[in-house]
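*Asks:* To be precise about what I am sending: the file is called query39.cif and holds mmCIF, C-alpha atoms.
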data_protein
#
loop_
_atom_site.label_atom_id
_atom_site.label_comp_id
_atom_site.auth_asym_id
_atom_site.auth_seq_id
_atom_site.Cartn_x
_atom_site.Cartn_y
_atom_site.Cartn_z
CA MET A 1 0.00 0.00 0.00
CA THR A 2 1.18 3.51 -0.79
CA PRO A 3 -0.16 6.86 0.41
CA HIS A 4 -3.23 7.96 -1.53
CA VAL A 5 -2.05 11.55 -1.83
CA GLU A 6 1.09 13.14 -3.18
CA PRO A 7 3.49 14.41 -0.53
CA ASP A 8 2.65 17.95 0.50
CA PRO A 9 5.09 19.21 3.14
CA GLN A 10 3.58 22.70 3.05
CA ALA A 11 0.16 21.34 4.00
CA GLY A 12 1.75 19.26 6.75
CA ALA A 13 3.51 22.33 8.14
CA ALA A 14 0.18 24.20 8.22
CA VAL A 15 -1.52 21.33 10.07
CA LYS A 16 1.28 21.22 12.62
CA ALA A 17 1.30 24.99 13.07
CA ALA A 18 -2.44 25.01 13.81
CA ASP A 19 -1.99 22.13 16.22
CA ARG A 20 0.81 23.87 18.09
CA ALA A 21 -1.20 27.10 18.26
CA HIS A 22 -4.46 25.65 19.55
CA VAL A 23 -4.46 21.95 20.52
CA PHE A 24 -3.70 21.03 24.13
CA HIS A 25 -2.40 17.44 24.13
CA SER A 26 -2.98 14.85 26.84
CA TRP A 27 -0.17 13.47 29.02
CA SER A 28 2.32 16.00 27.62
CA ALA A 29 4.44 19.01 28.46
CA GLN A 30 3.03 21.19 25.72
CA GLY A 31 6.27 22.98 24.86
CA LEU A 32 8.30 19.77 24.58
CA ILE A 33 6.27 17.78 22.07
CA ASP A 34 6.46 17.64 18.29
CA PRO A 35 3.35 15.78 17.04
CA LEU A 36 3.55 14.06 13.67
CA ALA A 37 1.10 15.56 11.18
CA VAL A 38 -0.84 12.60 9.75
CA ALA A 39 -2.19 12.84 6.21
CA GLY A 40 -4.11 9.57 6.07
CA ALA A 41 -4.46 5.96 7.15
CA GLU A 42 -5.78 2.66 5.82
CA GLY A 43 -5.66 -0.85 7.18
CA SER A 44 -2.52 -1.33 9.27
CA TYR A 45 -0.71 1.76 7.95
CA PHE A 46 -0.72 5.54 8.22
CA TRP A 47 1.38 8.18 6.49
CA ASP A 48 2.50 11.77 6.91
CA TYR A 49 2.54 14.74 4.54
CA ASP A 50 6.13 14.04 3.53
CA GLY A 51 5.13 10.66 2.11
CA ASN A 52 6.59 8.56 4.92
CA ARG A 53 4.49 5.47 5.61
CA TYR A 54 4.41 3.65 8.95
CA LEU A 55 3.19 0.20 9.92
CA ASP A 56 1.14 0.94 13.03
CA PHE A 57 2.13 -1.51 15.78
CA THR A 58 0.08 0.51 18.28
CA SER A 59 -3.40 0.21 16.71
CA GLY A 60 -3.89 3.89 17.56
CA LEU A 61 -4.03 3.42 21.32
CA VAL A 62 -4.76 -0.30 20.98
CA TYR A 63 -8.20 0.28 19.55
CA THR A 64 -8.16 0.01 15.74
CA ASN A 65 -8.81 -3.73 16.01
CA ILE A 66 -9.98 -3.93 12.39
CA GLY A 67 -7.52 -1.33 11.12
CA TYR A 68 -8.15 2.13 9.75
CA GLN A 69 -10.94 3.07 7.33
CA HIS A 70 -12.65 -0.31 6.97
CA PRO A 71 -15.14 0.42 4.15
CA ARG A 72 -18.08 -1.41 5.75
CA VAL A 73 -17.80 0.56 8.98
CA VAL A 74 -17.29 3.85 7.17
CA ALA A 75 -20.41 3.12 5.10
CA ALA A 76 -22.43 2.21 8.21
CA ILE A 77 -21.54 5.55 9.84
CA GLN A 78 -22.50 7.40 6.66
CA GLU A 79 -25.80 5.55 6.37
CA GLN A 80 -26.67 6.18 10.01
CA ALA A 81 -25.84 9.88 9.66
CA ALA A 82 -28.30 10.11 6.78
CA LYS A 83 -30.98 8.26 8.76
CA LEU A 84 -30.68 9.58 12.32
CA THR A 85 -27.52 11.40 13.32
CA THR A 86 -28.21 11.67 17.04
CA PHE A 87 -30.92 11.17 19.63
CA ALA A 88 -31.17 11.42 23.42
CA PRO A 89 -30.35 8.29 25.45
CA ALA A 90 -33.76 8.02 27.17
CA PHE A 91 -35.36 6.69 23.97
CA ALA A 92 -35.30 3.25 22.36
CA ILE A 93 -33.32 3.56 19.11
CA ASP A 94 -32.94 0.59 16.75
CA VAL A 95 -29.18 0.83 16.24
CA ARG A 96 -28.57 1.32 19.98
CA SER A 97 -30.65 -1.75 20.80
CA GLU A 98 -28.87 -3.79 18.13
CA ALA A 99 -25.42 -2.79 19.37
CA ALA A 100 -26.38 -3.78 22.91
CA ARG A 101 -27.77 -7.11 21.71
CA LEU A 102 -24.65 -7.97 19.72
CA ILE A 103 -22.37 -7.10 22.63
CA ALA A 104 -24.48 -9.02 25.14
CA GLU A 105 -24.42 -12.09 22.89
CA ARG A 106 -20.63 -12.15 23.17
CA THR A 107 -20.07 -11.32 26.81
CA PRO A 108 -19.60 -14.31 29.15
CA GLY A 109 -22.28 -15.59 31.50
CA ASP A 110 -25.28 -13.41 32.26
CA LEU A 111 -23.71 -10.03 31.45
CA ASP A 112 -26.74 -9.19 29.34
CA LYS A 113 -27.50 -5.56 30.20
CA ILE A 114 -25.37 -2.88 28.53
CA PHE A 115 -24.87 0.65 29.85
CA PHE A 116 -23.23 2.77 27.16
CA THR A 117 -20.58 5.41 27.83
CA ASN A 118 -18.33 7.52 25.64
CA GLY A 119 -15.17 5.55 26.45
CA GLY A 120 -13.32 3.28 28.83
CA ALA A 121 -12.70 5.68 31.72
CA GLU A 122 -16.39 6.52 31.98
CA ALA A 123 -17.16 2.81 31.84
CA VAL A 124 -14.92 2.26 34.86
CA GLU A 125 -16.46 5.24 36.67
CA ASN A 126 -19.94 3.80 36.25
CA ALA A 127 -18.96 0.20 37.03
CA VAL A 128 -17.50 1.32 40.35
CA ARG A 129 -20.57 3.44 41.08
CA MET A 130 -22.82 0.46 40.40
CA ALA A 131 -20.73 -1.77 42.67
CA ARG A 132 -20.79 0.75 45.51
CA LEU A 133 -24.53 1.26 45.26
CA HIS A 134 -25.20 -2.48 44.94
CA THR A 135 -23.16 -3.36 48.03
CA GLY A 136 -23.57 -0.23 50.13
CA ARG A 137 -19.80 -0.27 50.61
CA HIS A 138 -17.18 2.21 49.47
CA LYS A 139 -13.67 0.73 49.16
CA VAL A 140 -12.39 -0.63 45.84
CA LEU A 141 -9.27 -2.76 45.44
CA SER A 142 -7.08 -2.39 42.35
CA ALA A 143 -3.64 -3.58 41.29
CA PHE A 144 -0.48 -1.49 41.32
CA ARG A 145 0.39 -2.45 37.74
CA SER A 146 -2.77 -1.17 36.07
CA TYR A 147 -4.39 1.57 34.07
CA HIS A 148 -8.13 2.23 34.25
CA GLY A 149 -8.57 5.72 32.77
CA ALA A 150 -8.11 9.43 33.48
CA THR A 151 -11.41 10.51 35.01
CA SER A 152 -11.64 11.09 38.77
CA THR A 153 -12.36 7.60 40.09
CA ALA A 154 -10.60 5.80 37.24
CA ILE A 155 -7.32 7.68 37.72
CA ASN A 156 -7.36 6.93 41.45
CA LEU A 157 -7.86 3.25 40.64
CA THR A 158 -4.91 3.36 38.25
CA GLY A 159 -1.60 2.00 39.49
CA ASP A 160 0.89 3.59 37.11
CA PRO A 161 2.56 7.02 37.60
CA ARG A 162 -0.07 8.88 35.63
CA ARG A 163 -2.12 8.67 38.82
CA TRP A 164 0.34 10.52 41.04
CA ALA A 165 -0.52 14.12 40.11
CA SER A 166 -4.26 13.55 40.61
CA ASP A 167 -4.26 11.11 43.53
CA THR A 168 -6.51 12.55 46.24
CA GLY A 169 -5.41 9.98 48.79
CA SER A 170 -9.00 9.65 49.94
CA ALA A 171 -10.85 8.08 47.04
CA GLY A 172 -11.58 4.80 48.81
CA VAL A 173 -9.01 2.87 46.77
CA VAL A 174 -6.71 0.19 48.17
CA ARG A 175 -3.97 -1.24 45.95
CA PHE A 176 -2.49 -4.72 45.96
CA TRP A 177 0.07 -6.71 43.99
CA ALA A 178 -1.33 -8.82 41.18
CA PRO A 179 0.74 -11.76 39.86
CA PHE A 180 3.72 -11.10 37.56
CA LEU A 181 6.21 -13.94 37.68
CA TYR A 182 8.99 -12.22 35.71
CA ARG A 183 9.20 -9.50 38.37
CA SER A 184 7.49 -11.39 41.17
CA PRO A 185 6.75 -9.40 44.33
CA PHE A 186 6.28 -12.78 46.06
CA TYR A 187 9.70 -14.33 45.25
CA ALA A 188 7.91 -17.09 43.38
CA GLU A 189 9.73 -19.46 41.07
CA THR A 190 6.79 -21.05 39.26
CA GLU A 191 3.44 -19.88 37.95
CA GLN A 192 1.69 -22.05 40.54
CA GLN A 193 3.63 -20.42 43.37
CA GLU A 194 2.94 -16.95 41.94
CA CYS A 195 -0.78 -17.70 41.72
CA GLU A 196 -1.04 -19.14 45.23
CA ARG A 197 0.99 -16.36 46.85
CA ALA A 198 -0.82 -13.60 44.95
CA LEU A 199 -4.20 -14.96 46.05
CA ALA A 200 -3.01 -15.26 49.65
CA HIS A 201 -1.74 -11.66 49.52
CA LEU A 202 -5.08 -10.46 48.14
CA GLU A 203 -7.06 -12.25 50.82
CA ASP A 204 -4.74 -10.89 53.52
CA THR A 205 -5.29 -7.40 52.15
CA ILE A 206 -9.04 -7.89 52.32
CA ALA A 207 -8.81 -9.18 55.88
CA PHE A 208 -6.83 -6.18 57.09
CA GLU A 209 -8.97 -3.66 55.18
CA GLY A 210 -12.20 -5.19 56.47
CA PRO A 211 -14.22 -7.36 54.07
CA ALA A 212 -17.46 -5.57 54.96
CA THR A 213 -15.98 -2.27 53.74
CA ILE A 214 -15.02 -3.45 50.26
CA ALA A 215 -17.42 -2.93 47.36
CA ALA A 216 -15.35 -4.25 44.46
CA ILE A 217 -12.12 -5.66 43.14
CA ILE A 218 -11.23 -4.36 39.68
CA LEU A 219 -8.64 -6.02 37.46
CA GLU A 220 -7.67 -5.74 33.83
CA THR A 221 -8.23 -9.30 32.64
CA VAL A 222 -4.86 -9.05 30.91
CA PRO A 223 -3.17 -5.80 31.98
CA GLY A 224 -2.44 -3.67 28.92
CA THR A 225 -0.33 -0.54 29.19
CA ALA A 226 1.22 -1.88 32.41
CA GLY A 227 2.91 -4.70 30.53
CA ILE A 228 0.57 -7.40 29.13
CA MET A 229 1.12 -9.75 32.05
CA THR A 230 -1.11 -12.75 31.35
CA PRO A 231 -2.37 -14.00 34.74
CA PRO A 232 -1.25 -17.50 35.74
CA PRO A 233 -3.73 -20.37 35.49
CA GLY A 234 -6.20 -20.30 38.35
CA TYR A 235 -5.62 -16.71 39.45
CA LEU A 236 -8.76 -15.05 38.09
CA ALA A 237 -10.86 -18.04 39.16
CA GLY A 238 -9.34 -17.63 42.63
CA VAL A 239 -10.26 -13.94 42.69
CA ARG A 240 -13.80 -14.90 41.68
CA GLU A 241 -13.98 -17.29 44.65
CA ILE A 242 -12.66 -14.65 47.05
CA CYS A 243 -15.23 -12.13 45.82
CA ASP A 244 -18.03 -14.65 46.28
CA LYS A 245 -16.76 -15.49 49.78
CA TYR A 246 -16.92 -11.88 50.97
CA GLY A 247 -19.80 -10.51 48.90
CA ILE A 248 -17.45 -8.32 46.83
CA VAL A 249 -18.32 -7.30 43.28
CA PHE A 250 -15.78 -8.60 40.73
CA VAL A 251 -15.12 -6.11 37.92
CA LEU A 252 -13.05 -7.04 34.88
CA ASP A 253 -11.69 -4.19 32.76
CA GLU A 254 -11.66 -5.38 29.14
CA VAL A 255 -11.30 -1.92 27.61
CA MET A 256 -8.02 -2.90 25.93
CA ALA A 257 -8.13 -6.71 26.02
CA GLY A 258 -11.64 -7.10 24.60
CA PHE A 259 -13.05 -7.58 21.11
CA GLY A 260 -10.52 -9.96 19.62
CA ARG A 261 -7.31 -8.50 20.99
CA THR A 262 -6.30 -11.72 22.79
CA GLY A 263 -7.76 -14.09 20.21
CA LYS A 264 -11.13 -14.32 21.98
CA TRP A 265 -14.06 -11.92 21.95
CA PHE A 266 -13.17 -11.19 25.57
CA ALA A 267 -10.01 -12.21 27.40
CA ALA A 268 -12.10 -13.64 30.27
CA GLU A 269 -12.92 -16.57 27.98
CA HIS A 270 -9.30 -17.76 28.23
CA PHE A 271 -9.69 -18.17 31.98
CA ASP A 272 -13.26 -19.49 32.18
CA VAL A 273 -14.32 -16.77 34.58
CA VAL A 274 -17.43 -14.56 34.66
CA PRO A 275 -17.26 -11.20 36.48
CA ASP A 276 -20.20 -9.28 37.90
CA LEU A 277 -19.39 -6.24 35.77
CA MET A 278 -17.24 -5.91 32.68
CA THR A 279 -16.06 -2.66 31.10
CA PHE A 280 -15.36 -2.29 27.38
CA ALA A 281 -14.51 0.39 24.79
CA LYS A 282 -11.77 0.75 22.13
CA GLY A 283 -12.19 -2.33 19.91
CA VAL A 284 -15.99 -2.41 20.22
CA ASN A 285 -16.09 -0.24 17.09
CA SER A 286 -12.37 0.04 16.31
CA GLY A 287 -12.40 3.54 17.75
CA TYR A 288 -14.16 5.01 14.72
CA VAL A 289 -16.62 6.95 16.94
CA PRO A 290 -16.09 7.16 20.74
CA LEU A 291 -17.98 4.39 22.55
CA GLY A 292 -17.59 2.39 25.74
CA GLY A 293 -19.79 0.68 28.24
CA VAL A 294 -20.46 -1.64 31.14
CA ALA A 295 -21.84 -5.14 30.71
CA ILE A 296 -23.96 -5.83 33.81
CA SER A 297 -24.94 -9.11 35.48
CA GLN A 298 -28.53 -9.90 36.35
CA LYS A 299 -28.09 -9.52 40.10
CA ILE A 300 -26.57 -6.05 39.81
CA ALA A 301 -29.04 -4.93 37.15
CA ALA A 302 -31.85 -6.03 39.48
CA THR A 303 -30.62 -3.55 42.10
CA PHE A 304 -31.90 -0.80 39.84
CA ASP A 305 -35.22 -2.35 38.80
CA LYS A 306 -37.17 -0.14 41.22
CA ARG A 307 -34.38 2.19 42.27
CA PRO A 308 -33.17 4.78 39.76
CA TYR A 309 -29.57 4.44 38.70
CA PRO A 310 -27.98 7.85 39.49
CA GLY A 311 -25.79 8.17 36.44
CA GLY A 312 -25.93 8.96 32.77
CA LEU A 313 -24.31 10.74 29.85
CA THR A 314 -25.71 13.03 27.20
CA TYR A 315 -24.24 10.90 24.43
CA SER A 316 -24.81 7.46 25.97
CA GLY A 317 -25.36 5.04 23.10
CA HIS A 318 -24.85 7.69 20.44
CA PRO A 319 -26.39 6.42 17.17
CA LEU A 320 -23.26 7.01 15.09
CA ALA A 321 -21.09 5.19 17.61
CA CYS A 322 -23.56 2.33 17.87
CA ALA A 323 -23.81 2.03 14.09
CA ALA A 324 -20.03 1.74 14.00
CA ALA A 325 -20.18 -0.94 16.72
CA VAL A 326 -22.81 -2.97 14.87
CA ALA A 327 -20.81 -2.84 11.66
CA THR A 328 -17.52 -3.62 13.42
CA ILE A 329 -18.92 -6.68 15.19
CA GLN A 330 -20.44 -7.90 11.93
CA VAL A 331 -17.11 -7.40 10.14
CA MET A 332 -15.27 -9.26 12.88
CA GLU A 333 -17.77 -12.11 12.61
CA ASP A 334 -17.85 -12.30 8.80
CA GLU A 335 -14.09 -11.91 8.34
CA LYS A 336 -13.24 -14.14 11.33
CA VAL A 337 -11.07 -11.41 12.84
CA VAL A 338 -11.09 -12.95 16.33
CA GLU A 339 -9.93 -16.28 14.99
CA HIS A 340 -7.32 -14.54 12.85
CA SER A 341 -5.96 -12.69 15.88
CA ALA A 342 -5.48 -16.00 17.68
CA HIS A 343 -3.89 -17.57 14.59
CA ILE A 344 -1.46 -14.74 13.82
CA GLY A 345 -0.40 -14.67 17.46
CA ALA A 346 0.22 -18.41 17.61
CA THR A 347 1.93 -18.81 14.25
CA VAL A 348 3.68 -15.50 13.46
CA LEU A 349 3.90 -12.95 16.27
CA GLY A 350 4.55 -15.31 19.16
CA PRO A 351 7.20 -17.45 17.45
CA GLY A 352 8.77 -14.41 15.76
CA LEU A 353 9.04 -12.43 18.98
CA ARG A 354 10.48 -15.40 20.86
CA GLU A 355 13.10 -15.78 18.14
CA LEU A 356 14.01 -12.11 18.56
CA ALA A 357 14.32 -12.65 22.30
CA GLU A 358 16.82 -15.44 21.74
CA ARG A 359 19.05 -13.25 19.57
CA HIS A 360 18.84 -9.88 21.29
CA PRO A 361 20.43 -9.38 24.73
CA SER A 362 18.07 -6.45 25.37
CA VAL A 363 14.95 -8.63 25.35
CA GLY A 364 14.35 -10.07 28.80
CA GLU A 365 10.92 -11.60 28.29
CA ILE A 366 8.18 -11.93 25.69
CA ARG A 367 4.59 -12.03 26.93
CA GLY A 368 1.21 -12.14 25.27
CA MET A 369 -1.39 -13.82 23.08
CA GLY A 370 -3.34 -13.00 19.94
CA THR A 371 -2.33 -9.53 18.77
CA PHE A 372 -1.42 -8.44 22.29
CA TRP A 373 2.32 -8.77 23.07
CA ALA A 374 4.96 -7.06 25.19
CA LEU A 375 8.76 -7.14 24.98
CA ASP A 376 10.33 -6.46 28.39
CA LEU A 377 13.65 -4.76 27.58
CA VAL A 378 16.53 -5.13 30.03
CA LYS A 379 20.13 -4.08 30.59
CA ASN A 380 21.05 -7.59 31.63
CA LYS A 381 19.10 -10.81 31.11
CA GLU A 382 20.48 -12.40 34.26
CA THR A 383 19.65 -9.56 36.66
CA ARG A 384 16.52 -8.50 34.72
CA GLU A 385 17.39 -4.86 35.38
CA PRO A 386 15.07 -2.78 33.18
CA LEU A 387 16.69 -1.03 30.22
CA VAL A 388 15.56 2.30 31.74
CA PRO A 389 14.47 3.09 35.32
CA TYR A 390 10.82 3.08 36.33
CA ASN A 391 9.05 6.17 34.93
CA ALA A 392 12.32 7.43 33.39
CA THR A 393 12.41 10.78 31.59
CA GLY A 394 15.04 12.84 29.78
CA GLU A 395 18.53 11.40 29.60
CA ALA A 396 17.58 8.45 31.80
CA ASN A 397 15.14 7.36 29.08
CA ALA A 398 17.67 7.75 26.24
CA PRO A 399 17.96 4.00 25.47
CA MET A 400 14.21 3.65 24.88
CA ALA A 401 14.13 6.90 22.91
CA ALA A 402 16.90 5.58 20.68
CA PHE A 403 15.02 2.32 20.20
CA GLY A 404 11.85 4.22 19.24
CA ALA A 405 13.67 6.42 16.76
CA ALA A 406 15.24 3.35 15.14
CA ALA A 407 11.84 1.66 14.80
CA LYS A 408 10.38 4.71 13.05
CA LYS A 409 13.41 4.91 10.77
CA HIS A 410 12.56 1.40 9.62
CA GLY A 411 8.90 2.26 8.99
CA LEU A 412 7.40 0.96 12.23
CA TRP A 413 5.42 3.09 14.67
CA PRO A 414 6.06 1.47 18.07
CA PHE A 415 4.08 1.37 21.28
CA ILE A 416 6.55 2.24 24.05
CA ASN A 417 5.89 2.44 27.78
CA MET A 418 8.77 2.66 30.26
CA ASN A 419 11.18 -0.22 29.50
CA ARG A 420 8.76 -2.08 27.23
CA THR A 421 7.66 -2.04 23.66
CA HIS A 422 4.35 -3.66 22.82
CA ALA A 423 3.48 -5.43 19.59
CA VAL A 424 -0.21 -4.62 19.26
CA PRO A 425 -1.08 -4.34 15.56
CA ALA A 426 -4.61 -4.50 14.19
CA CYS A 427 -6.27 -7.83 14.97
CA ASN A 428 -6.63 -8.42 11.22
CA VAL A 429 -2.98 -7.65 10.46
CA SER A 430 -1.81 -9.83 7.59
CA GLU A 431 0.99 -12.38 7.91
CA ALA A 432 3.16 -10.28 5.59
CA GLU A 433 2.52 -7.13 7.65
CA ALA A 434 3.27 -8.94 10.91
CA LYS A 435 6.56 -10.20 9.48
CA GLU A 436 7.36 -6.69 8.26
CA GLY A 437 6.84 -5.45 11.81
CA LEU A 438 9.07 -8.19 13.23
CA SER A 439 11.82 -7.25 10.78
CA ALA A 440 11.66 -3.60 11.84
CA LEU A 441 11.69 -4.61 15.50
CA ASP A 442 14.74 -6.75 14.82
CA ALA A 443 16.61 -3.73 13.46
CA ALA A 444 15.48 -1.42 16.26
CA LEU A 445 16.39 -3.93 18.98
CA SER A 446 19.96 -3.87 17.73
CA VAL A 447 20.03 -0.25 18.92
CA ALA A 448 18.61 -1.28 22.32
CA ASP A 449 21.30 -3.98 22.51
CA GLU A 450 23.96 -1.25 22.56
CA HIS A 451 22.76 -0.28 26.06
CA THR A 452 23.05 -3.76 27.59
CA SER A 453 25.83 -5.14 29.75
#
Please render this file's structure as C-alpha cells.
*Replies:*
Amino acid sequence: MTPHVEPDPQAGAAVKAADRAHVFHSWSAQGLIDPLAVAGAEGSYFWDYDGNRYLDFTSGLVYTNIGYQHPRVVAAIQEQAAKLTTFAPAFAIDVRSEAARLIAERTPGDLDKIFFTNGGAEAVENAVRMARLHTGRHKVLSAFRSYHGATSTAINLTGDPRRWASDTGSAGVVRFWAPFLYRSPFYAETEQQECERALAHLEDTIAFEGPATIAAIILETVPGTAGIMTPPPGYLAGVREICDKYGIVFVLDEVMAGFGRTGKWFAAEHFDVVPDLMTFAKGVNSGYVPLGGVAISQKIAATFDKRPYPGGLTYSGHPLACAAAVATIQVMEDEKVVEHSAHIGATVLGPGLRELAERHPSVGEIRGMGTFWALDLVKNKETREPLVPYNATGEANAPMAAFGAAAKKHGLWPFINMNRTHAVPACNVSEAEAKEGLSALDAALSVADEHTS
C-alpha cells in the first residue's frame, strides 16, 4: 500500500502549526512535544505529509482492532448519519438496541444488560458506582500495575505514575500486587507459586482492610499498558472465589483486552471466569466513533429495577457510535477477525518475537497472546534490570528513545511504555505485515542492545 495523496510538506507544516497554536495534548508538556502531522491511514498503515508510511504496531491506542478506514464501517456511519444522526439516550433507538444485543451475545455468563458510555474511563467510573450502590460499601481494590482511565475515580484506581498528580489519597481505593512472575513481588519461582501467593496476599489485604468495607475488586483481565502480564492459570478463578466469599463485586476491565485483541471476543474466555461487571470500549467499534460501556450481570441490574440508577451521559449510546459498533462486530464475525488474531499470534507474532528474544540481549521476556504482546527490555538478562528506570524521563530514558527512533526509521510506529515495547497491531494484520513489523523490530532492537551489559 502507498499513500493515496502526493506528498505535500507545506500542508503538513500548516496542520502542525495550527496544532501547536491551539491543541492542548494529553499526558504532555506542551512545549516539549512535536506531534507528527498525519495525512491519512488505511488498514494497518498511516502516512504523513512528507510521504513517509508507517506500519502501526500501536493500533492507535490499541483500539483500531480492524484497522483504519474499513469500508463497511465507514459506510455504516455514513448511512446512520443520513438516517438519524443523534438522539437522546432516554429513547429506544434501533441501532442502539442492536449494538447492545450484539455485545451481550458475546459477553460471558449473564452479562446481558449494557450501559453505554463515551469511552473506557467513563465505563470504569460507572462500574464502580454500580458496585458501591449495589453493596452499600465504598472501598475498591485495584492492582499497582494497572491503568483504568483518566477521570476522577478511574485515575485513582490506576496504578501507574499517571495517577500521582491527581491522587486525592482519599478516594476509597486500596492497591495490591497482582501476579507477575517475571518481576514477582512474592519471590515465586513457578506460575503455581505466583498464583497461590498472589491470592493469599489479596485475601490478607481484604482481611486487614475489612471485608465488609469493600465494594469491588477491579482487574484488567490481561493488563495492557502496564505490561501485558497474562495471569497465571487459576488466578482469576481464585479472585472470583474470594469475591463470592466476601460478597465483593468482581469487575473485569476489558477496555483494551476485549473484542478480539487476545484471540477471543473477551479475554475472560481464556480463563473461564465470569465477572459481575465488565467494562469495554476501544475495539468495540475500532475507535471510529467514541464508545464504551459496562456489561452488567442480572443480580446487579436487578438492584436498579425499582431504584433509579444515578448516572448517565448526554451521548450514551450515540447512534453514530452504535452504528459503528454494529458494523464492526459484523465485520469481525464475517471476516473471522477474532480467529485470525489467535492464529497470527500463535503462528507468526509469538514465534517471531520469541526468536528475537533469543538473539537480542536487550529482550528479557516476551509475553502475550493473539495480537497483544509485550517485549520487556533489560540491561542484563540475568539480573533483569530494566533497560531504563521506572518512569524514566530525559537522559535516563535515552535508550528507549533511541530504540523508538530506530523503529520509526525502519517504517514501524512502536508502542513504548517505560522499558517495554508492545506489539499490538490491528487484529486483522496480515501475515506479511506482521513479518514486516518483526523485521523492523529486529533492526530497532539492535540499537537497544547497545545499552546492555
*Asks:* Could you tell me which residues the PyMOL selection byres ((chain A and resi 277) around 10) grabs in this file, written as a list in words?
*Replies:*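 Those residues are Asp110, Leu111, Lys113, Ile114, Val124, Ala127, Val128, Met130, Ala131, Ala216, Ile218, Val249, Phe250, Val251, Leu252, Asp253, Val274, Pro275, Asp276, Met278, Thr279, Val294, Ala295, Ile296, Ser297, Gln298, Ile300 and Ala301 of chain A.
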*Asks:* Taking only residues of segment 162-281 of chain A that have an atom at most 12 Å from an atom of segment 25-43 of chain A, what is each one's shortest atom pair and its distance in Å to one decimal, using all atoms listed in the file, in chain and number order, as JSON lines?
*Replies:*
{"residue": "A:Arg162", "atom": "CA", "partner": "A:Trp27", "partner_atom": "CA", "distance": 8.0}
{"residue": "A:Arg163", "atom": "CA", "partner": "A:Trp27", "partner_atom": "CA", "distance": 11.1}
{"residue": "A:Ala165", "atom": "CA", "partner": "A:Trp27", "partner_atom": "CA", "distance": 11.1}
*Asks:* Which of these, A:Ala443, A:Ala426, A:Cys322, A:Ile206, has the shortest distance to Arg359 of chain A once you count only C-alpha atoms?
*Replies:* A:Ala443
*Asks:* Could you expand the PyMOL selection byres ((chain A and resi 73) around 9) into the explicit residues it covers here, written as an MDAnalysis selection string?
*Replies:* chainID A and resid 69:72 74:78 285 288 323:328 331
*Asks:* Deliver the residues from the most recent selection as a file, using C-alpha atoms, as an mmCIF file, in the coordinates of the input.
*Replies:*
data_model
loop_
_atom_site.group_PDB
_atom_site.id
_atom_site.type_symbol
_atom_site.label_atom_id
_atom_site.label_comp_id
_atom_site.auth_asym_id
_atom_site.auth_seq_id
_atom_site.Cartn_x
_atom_site.Cartn_y
_atom_site.Cartn_z
ATOM 1 C CA GLN A 69 -10.940 3.070 7.330
ATOM 2 C CA HIS A 70 -12.650 -0.310 6.970
ATOM 3 C CA PRO A 71 -15.140 0.420 4.150
ATOM 4 C CA ARG A 72 -18.080 -1.410 5.750
ATOM 5 C CA VAL A 74 -17.290 3.850 7.170
ATOM 6 C CA ALA A 75 -20.410 3.120 5.100
ATOM 7 C CA ALA A 76 -22.430 2.210 8.210
ATOM 8 C CA ILE A 77 -21.540 5.550 9.840
ATOM 9 C CA GLN A 78 -22.500 7.400 6.660
ATOM 10 C CA ASN A 285 -16.090 -0.240 17.090
ATOM 11 C CA TYR A 288 -14.160 5.010 14.720
ATOM 12 C CA ALA A 323 -23.810 2.030 14.090
ATOM 13 C CA ALA A 324 -20.030 1.740 14.000
ATOM 14 C CA ALA A 325 -20.180 -0.940 16.720
ATOM 15 C CA VAL A 326 -22.810 -2.970 14.870
ATOM 16 C CA ALA A 327 -20.810 -2.840 11.660
ATOM 17 C CA THR A 328 -17.520 -3.620 13.420
ATOM 18 C CA VAL A 331 -17.110 -7.400 10.140
#
*Asks:* Might you spell out which residues the PyMOL selection byres ((chain A and resi 179) around 10) would select in the displayed file, as a list in words?
*Replies:*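 Selected by the PyMOL selection byres ((chain A and resi 179) around 10) in this file: Ala143, Arg145, Phe176, Trp177, Ala178, Phe180, Leu181, Tyr182, Arg183, Ser184, Pro185, Phe186, Ala188, Glu191, Gln193, Glu194, Cys195, Glu196, Arg197, Ala198, Leu199, His201, Met229, Thr230, Pro231, Pro232 and Tyr235 of chain A.
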*Asks:* So what do you get for atom CA of Ala440 of chain A versus atom CA of Leu412 of chain A, distance-wise?
*Replies:*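 It comes out at 6.3 Å.
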*Asks:* Counting only C-alpha atoms, which residues have an atom no more than 10 Å from (-28.2, 2.3, 37.6) in the file's coordinates? Please list them as a list in words.
*Replies:*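 So the residues meeting the distance criterion are Phe115, Asn126, Ala127, Arg129, Met130, Ala131, Leu133, His134, Ile296, Ile300, Ala301, Ala302, Thr303, Phe304, Asp305, Lys306, Arg307, Pro308, Tyr309, Pro310, Gly311 and Gly312 of chain A.
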*Asks:* For the atom pair atom CA of Arg354 of chain A and atom CA of Lys336 of chain A, what is the interatomic distance in Å to one decimal place?
*Replies:*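 Those two atoms sit 25.6 Å apart.
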*Asks:* How many Å lie between atom CA of Glu203 of chain A and atom CA of Glu254 of chain A, rounded to one decimal?
*Replies:*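 Computing the Euclidean distance for atom CA of Glu203 of chain A and atom CA of Glu254 of chain A yields 23.2 Å.
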*Asks:* Counting only C-alpha atoms, which of A:Phe266, A:Tyr54, A:Phe403, A:Tyr246 gets nearest to Ile416 of chain A?
*Replies:*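 Residue with the minimum atom-to-atom distance to Ile416 of chain A: A:Phe403.
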*Asks:* With 6 Å as the threshold, what does the neighbourhood of (-3.9, -4.7, 35.1) contain in terms of residues, counting only C-alpha atoms? Coordinates are those of the file; answer as a PDB file with C-alpha atoms, in the coordinates of the input.
*Replies:*
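To be explicit, this is the file written out as out_22.pdb:
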ATOM      1  CA  ARG A 145       0.390  -2.450  37.740  1.00  0.00           C
ATOM      2  CA  SER A 146      -2.770  -1.170  36.070  1.00  0.00           C
ATOM      3  CA  LEU A 219      -8.640  -6.020  37.460  1.00  0.00           C
ATOM      4  CA  GLU A 220      -7.670  -5.740  33.830  1.00  0.00           C
ATOM      5  CA  PRO A 223      -3.170  -5.800  31.980  1.00  0.00           C
TER       6      PRO A 223
END
*Asks:* Measuring atom to atom with all atoms listed in the file, identify which of A:Thr64, A:Leu353, A:Ile329, A:Asn391 is nearest to Arg101 of chain A.
*Replies:*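 Counting all atoms listed in the file, the residue closest to Arg101 of chain A is A:Ile329.
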